[in-house]
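Remarks on the structure that follows.
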Amino acid sequence: MSPDTTTPAPTSTPSEADERRRQREEARLIRTREAAARRGTAAKDGQWASGDRTPLNPNEEFKATSDPLAVRHRIETMYARWGFWSIPPTDLRGRFRWWGLYTQRRPGIDGGRTASLEPHQLDDEYFMLRVRSDGGQLTVAQARAIAGISQEFGRDTADVSDRQNIQLHWIRVEDVPEIFRRVEEVGLFTTEACGDSPRVILGSPLAGVAKDELIDPTPQIQAIIDRGIGNPEFSNLPRKFKSAISGMRIPDIVHEVQDIAFVAVEHPELGVGYDLWVGGGLSINPHLGVRLGAFVEPDRVADVWAGVIGIFRDHGYRRLRTRARLKFLVKAWGAEKFRQVLQDDYLGWELPDGPGPAVPAPGDRGDHVGIHEQRDGRYYVGAAPVAGRISGTKLAAIADLAEAAGSDRIRLTPLQKIVVLDVPEERVNDVVNGLRALELEAAPGEFHRNVMACTGIEYCKLAIVETKATAREVVKELDAAFPGLDSPISVHVNGCPNSCARIQVADIGFKGQLVLDDETGEQVPGFQVHLGGRLGRGEDNDFGRKLRGHKVKADGMPAYVSRVTRHYLETRTAGETFADWAFRADEEQLR
């Protein structure tokens, strides 16, 4: 045998068994550190700024023992090779969220068992995957990439969330490394799409194209991403942190319910910049955000964002998860103290005072549905899927429609809508008709246009009732019953009390729970009702009204909405909105 054909000596590499032993030891060390962290806890709020960083609950323990961002290495080298049952609980139901992964609900478990079963009993062997699209911005190539992942790995599922994300389901851990590769290949990512971290940044879907835009916030969104996303400095927060920024003259990012929001304003001396809001949030204890009265210049947005999230990290309440959102700290401190701490301890300079944002006139919706001219003479077409439900197939078709019209820009909105930008006038009808064929209406009925729904019991482990199909039934029946409705009525459907669908600020909000069936005496899926919530009203913002003891069965929801709508139309005064009517109406008209 010639030297050129000599078989090379085998390299010295660890065996499969050695590698498994090393990885098991790594997992054991993580569990050991978590157990050690449980000792010596104290009954305090757990604010890092007080000097005590002792973890005070299981979530704080797993974050303290291993940076959640580090779990990606284990996903790619361990769990994707060994499968679902190799994943330890603190990674599975904890750290995975930092990469956009939640275990989804095992099929067939009814809502009555949601609160009684242990997490492992609710877990399916599949995941929901949330793909970030900060500012709701997608290119045609990005939309096609997500669509392909949905079709190949997610059973063709895809939902537009009210955080301007696309959510996929039925994802196996074995496929996650390839999905990460494809997502990142087109410039997207899933980093901190979930978890106690800075979530996706809401932004105006019309950034850079709207006629009435004061400033394009895209550079500020990118500056925040570069500064904070995937940065260990901000990857261990007390709870999630929701950011939003809009350059529109009339805000379109539901800024009142975000942890931090930058809303475009025009300062009389300093020019165009942003008004700063902090401490909004819904869920079980809703709070409206507060204005700090501070003006933020565009090139300082990322610094101010880092200062506010730094306050949350250091002063936020970590002991009880139910009090760990920024809204509780803002409520305790008040706007004046919060601003002072931000300036003195985190910025090192004072923010100038500034004006508040404009309040929309009646009829200004901010959902961007319909056909509208851009500042450059082209058009954007906004369309409404039913409660955000699309599919991978539909997303691919939307990408094809946009490309055929000469556009490379698709946008998602905070109200679960889809917008195609940059459409030449002669191609507008092609886009409208193409979207209509996909059940995405640019001129929808009022209930189709104004319905929102969370994931619900179909996939969510926290849900008690079904939401998407229920919302679809409302749209089907109510748009047929009220084809000429001349005043918008928003209907938001949530599967549990956490308000992912913003039920407290809807005209009619439904919070999922079990209710008593008077005929059978048994508990059945149903809803508590919130009536008359409103945002975008300046000092007149408010949460919806609840009637004592008033519940609606799930199968009776369309009939209930129909009844209340008729009462509104019959008894309203001239120009009176549903929200205003709901606060003055007799209880009998609302039941």
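Residue names in the structure tokens use chain letters A, B, ... in the order shown, residue numbers from 1 in each chain, and ligand numbers from 1 in the order shown.
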
For the interface of range 391-416 of chain A with range 343-367 of chain A (cut-off 10 Å, counting only C-alpha atoms), please tabulate each contacting residue of range 391-416 of chain A alongside its nearest pair of atoms and their separation in Å to one decimal, rows sorted by chain and increasing number, as a Markdown table.
```
| residue | atom | partner | partner_atom | distance |
| --- | --- | --- | --- | --- |
| A:Thr413 | CA | A:Asp367 | CA | 7.2 |
| A:Pro414 | CA | A:Asp367 | CA | 8.0 |
| A:Leu415 | CA | A:Asp367 | CA | 6.4 |
| A:Gln416 | CA | A:Asp367 | CA | 8.8 |
```

Next, the residues of the selection above should be written as a PDB file, in the first residue's frame with all heavy atoms.
```pdb
ATOM      1  N   THR A 413     -49.461  44.167  12.634  1.00  0.00           N
ATOM      2  CA  THR A 413     -49.877  45.269  13.495  1.00  0.00           C
ATOM      3  C   THR A 413     -50.163  44.775  14.912  1.00  0.00           C
ATOM      4  O   THR A 413     -50.387  43.578  15.129  1.00  0.00           O
ATOM      5  CB  THR A 413     -51.148  45.965  12.961  1.00  0.00           C
ATOM      6  OG1 THR A 413     -52.312  45.279  13.443  1.00  0.00           O
ATOM      7  CG2 THR A 413     -51.164  46.004  11.436  1.00  0.00           C
ATOM      8  N   PRO A 414     -50.191  45.686  15.892  1.00  0.00           N
ATOM      9  CA  PRO A 414     -50.540  45.297  17.261  1.00  0.00           C
ATOM     10  C   PRO A 414     -51.997  44.905  17.437  1.00  0.00           C
ATOM     11  O   PRO A 414     -52.406  44.529  18.539  1.00  0.00           O
ATOM     12  CB  PRO A 414     -50.219  46.563  18.077  1.00  0.00           C
ATOM     13  CG  PRO A 414     -49.262  47.339  17.247  1.00  0.00           C
ATOM     14  CD  PRO A 414     -49.674  47.067  15.832  1.00  0.00           C
ATOM     15  N   LEU A 415     -52.786  44.997  16.373  1.00  0.00           N
ATOM     16  CA  LEU A 415     -54.194  44.596  16.421  1.00  0.00           C
ATOM     17  C   LEU A 415     -54.452  43.366  15.555  1.00  0.00           C
ATOM     18  O   LEU A 415     -55.560  43.151  15.084  1.00  0.00           O
ATOM     19  CB  LEU A 415     -55.087  45.767  15.988  1.00  0.00           C
ATOM     20  CG  LEU A 415     -55.001  47.014  16.890  1.00  0.00           C
ATOM     21  CD1 LEU A 415     -55.841  48.136  16.325  1.00  0.00           C
ATOM     22  CD2 LEU A 415     -55.440  46.691  18.311  1.00  0.00           C
ATOM     23  N   GLN A 416     -53.410  42.567  15.333  1.00  0.00           N
ATOM     24  CA  GLN A 416     -53.509  41.296  14.598  1.00  0.00           C
ATOM     25  C   GLN A 416     -53.917  41.482  13.138  1.00  0.00           C
ATOM     26  O   GLN A 416     -54.593  40.646  12.570  1.00  0.00           O
ATOM     27  CB  GLN A 416     -54.479  40.337  15.307  1.00  0.00           C
ATOM     28  CG  GLN A 416     -54.024  39.917  16.702  1.00  0.00           C
ATOM     29  CD  GLN A 416     -54.953  38.921  17.363  1.00  0.00           C
ATOM     30  OE1 GLN A 416     -56.175  39.006  17.225  1.00  0.00           O
ATOM     31  NE2 GLN A 416     -54.393  37.967  18.082  1.00  0.00           N
TER      32      GLN A 416
END
```

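Counting only C-alpha atoms and comparing A:Asp586, A:Glu233, A:Glu184, A:Asp159, the residue that lies closest to Lys394 in chain A is A:Asp159.
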
Inset, instruction - Please provide as a PyMOL selection string all residues within 6 Å of Arg378 in chain A, with the sequence filter that same-chain residues fewer than 5 positions apart are discarded (counting only C-alpha atoms). - result: chain A and resi 373+422-424

Only all heavy atoms, please: the residues just picked out, written as a CSV table (one decimal), in the first residue's frame.
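Once written, selection33.csv looks like this:
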```csv
chain,number,residue,atom,x,y,z
A,373,GLU,N,-53.0,56.0,0.7
A,373,GLU,CA,-51.9,56.5,0.0
A,373,GLU,C,-50.7,56.7,0.9
A,373,GLU,O,-50.9,57.3,2.0
A,373,GLU,CB,-52.3,57.7,-0.8
A,373,GLU,CG,-51.2,58.2,-1.8
A,373,GLU,CD,-51.6,59.4,-2.6
A,373,GLU,OE1,-52.7,59.9,-2.3
A,373,GLU,OE2,-50.9,59.8,-3.5
A,422,ASP,N,-46.1,49.7,-0.2
A,422,ASP,CA,-45.4,50.0,-1.5
A,422,ASP,C,-46.1,49.4,-2.7
A,422,ASP,O,-45.5,49.0,-3.7
A,422,ASP,CB,-44.0,49.5,-1.5
A,422,ASP,CG,-43.2,50.0,-0.3
A,422,ASP,OD1,-43.5,51.2,0.2
A,422,ASP,OD2,-42.3,49.3,0.2
A,423,VAL,N,-47.4,49.5,-2.7
A,423,VAL,CA,-48.2,48.9,-3.8
A,423,VAL,C,-48.5,50.0,-4.9
A,423,VAL,O,-49.1,51.0,-4.5
A,423,VAL,CB,-49.5,48.3,-3.3
A,423,VAL,CG1,-50.3,47.7,-4.5
A,423,VAL,CG2,-49.3,47.2,-2.3
A,424,PRO,N,-48.1,49.9,-6.1
A,424,PRO,CA,-48.4,50.8,-7.1
A,424,PRO,C,-49.9,50.9,-7.3
A,424,PRO,O,-50.6,49.9,-7.2
A,424,PRO,CB,-47.7,50.3,-8.4
A,424,PRO,CG,-46.7,49.3,-7.9
A,424,PRO,CD,-47.2,48.8,-6.6
```

Inset, instruction - Taking the chain letters and numbering used in this document, name the residues of range 270-453 of chain A that DSSP puts in strand (DSSP E or B), as a PyMOL selection string. - result: chain A and resi 271-278+281+287+290-296+353+370-373+379-384+389+409-412+418-423+441+451-453

Inset, instruction - Tell me which protein, DNA and RNA residues are within 10 Å of Asn236 in chain A, counting only C-alpha atoms, leaving out same-chain ones fewer than 6 positions away, and put them as a list in words. - result: Glu60, Lys63, Ala64, Asp67, Pro68, Leu69, Trp98, Gly195, Asp196, Ser197, Pro198 and Arg313 of chain A

Inset, instruction - For range 210-227 of chain A, please output as an MDAnalysis selection string all residues within 10 Å (counting only C-alpha atoms; exclusion window: fewer than 3 positions along the same chain). - result: chainID A and resid 134:135 137 198 200:207 230:231 233:234 243:251 262:266 272:274 298:306 372:377 379:380
